Amino acid sequence: MFKLFVLTALVAFAYADNINKDAEVLSFKNDPADAEGNYAYAFETSNGIQQQEAGNPAGVAGSYEFVSPEGEKFFVSYTADENGFQPVGDHLPTPPPVPEAILKALEYIAAHPPADETHRK
């Protein structure tokens, strides 16, 4: 999980380098891992970067925000657990809608389940 923090911090610092080399840390909070592995941290810089994360051995949840070189603000929230890294943000691509024919087929299958094979002789 520390690697995830370092990677995210490097991305944030790379954007900071492009936006404002004189950015200052406005706030920083770090709660190191306790005996059970619970931890949390958060920081904010003067050039619009914010990040916070809390986690434990089962997973993490957090978010980060930054301003692009073009001045556009981006916000990402995420979880990372046994299901992998799951980011959410308005700027992230999403899958296309399910085609109507597939939706109808799924409805048909749900309405007409196959016969239970365990009761046949």
# chains A, B, ... in the order shown; residues from 1 in each chain; ligands from 1

$ select_by_dssp --residues "region 3-120 of chain A" --states "strand (DSSP E or B)" --output "count of residues only"
44

$ residues_around --residues "Ala61 (chain A)" --least-positions-apart "5" --cutoff "10 Å" --atoms "only C-alpha atoms" --output "PyMOL selection string"
chain A and resi 40+52-56+77-81+85-87

$ residues_around --residues "Lys29 (chain A)" --least-positions-apart "6" --cutoff "7 Å" --atoms "only C-alpha atoms" --output "list in words"
Tyr41, Ala42 and Phe43 of chain A

$ write_last_selection --atoms "N, CA, C and O atoms" --output "PDB file, in the first residue's frame"
ATOM      1  N   TYR A  41      -3.644   9.472   5.876  1.00  0.00           N
ATOM      2  CA  TYR A  41      -2.854  10.669   5.599  1.00  0.00           C
ATOM      3  C   TYR A  41      -3.668  11.600   4.726  1.00  0.00           C
ATOM      4  O   TYR A  41      -4.625  11.192   4.059  1.00  0.00           O
ATOM      5  N   ALA A  42      -3.293  12.852   4.727  1.00  0.00           N
ATOM      6  CA  ALA A  42      -3.941  13.856   3.878  1.00  0.00           C
ATOM      7  C   ALA A  42      -2.977  15.022   3.709  1.00  0.00           C
ATOM      8  O   ALA A  42      -2.194  15.321   4.611  1.00  0.00           O
ATOM      9  N   PHE A  43      -3.035  15.643   2.538  1.00  0.00           N
ATOM     10  CA  PHE A  43      -2.261  16.860   2.332  1.00  0.00           C
ATOM     11  C   PHE A  43      -2.941  17.750   1.312  1.00  0.00           C
ATOM     12  O   PHE A  43      -3.772  17.298   0.521  1.00  0.00           O
TER      13      PHE A  43
END

$ select_by_dssp --residues "region 41-112 of chain A" --states "helix (DSSP H, G or I)" --output "ChimeraX atom specification"
/A:100-111

$ closest_residue --among "A:Ala33, A:Asn20, A:Pro95, A:Gln51" --to "Gly71 (chain A)" --atoms "only C-alpha atoms"
A:Asn20

$ closest_residue --among "A:Val76, A:Glu24, A:Leu106, A:Asn47" --to "His91 (chain A)" --atoms "only C-alpha atoms"
A:Val76

$ residues_around --residues "Glu65 (chain A)" --least-positions-apart "4" --cutoff "9 Å" --atoms "only C-alpha atoms" --output "count of residues only"
10

$ atom_distance --atom1 "CA of Glu107 (chain A)" --atom2 "CA of Leu92 (chain A)"
29.4 Å

$ atom_distance --atom1 "CA of Gly89 (chain A)" --atom2 "CA of Pro57 (chain A)"
24.6 Å
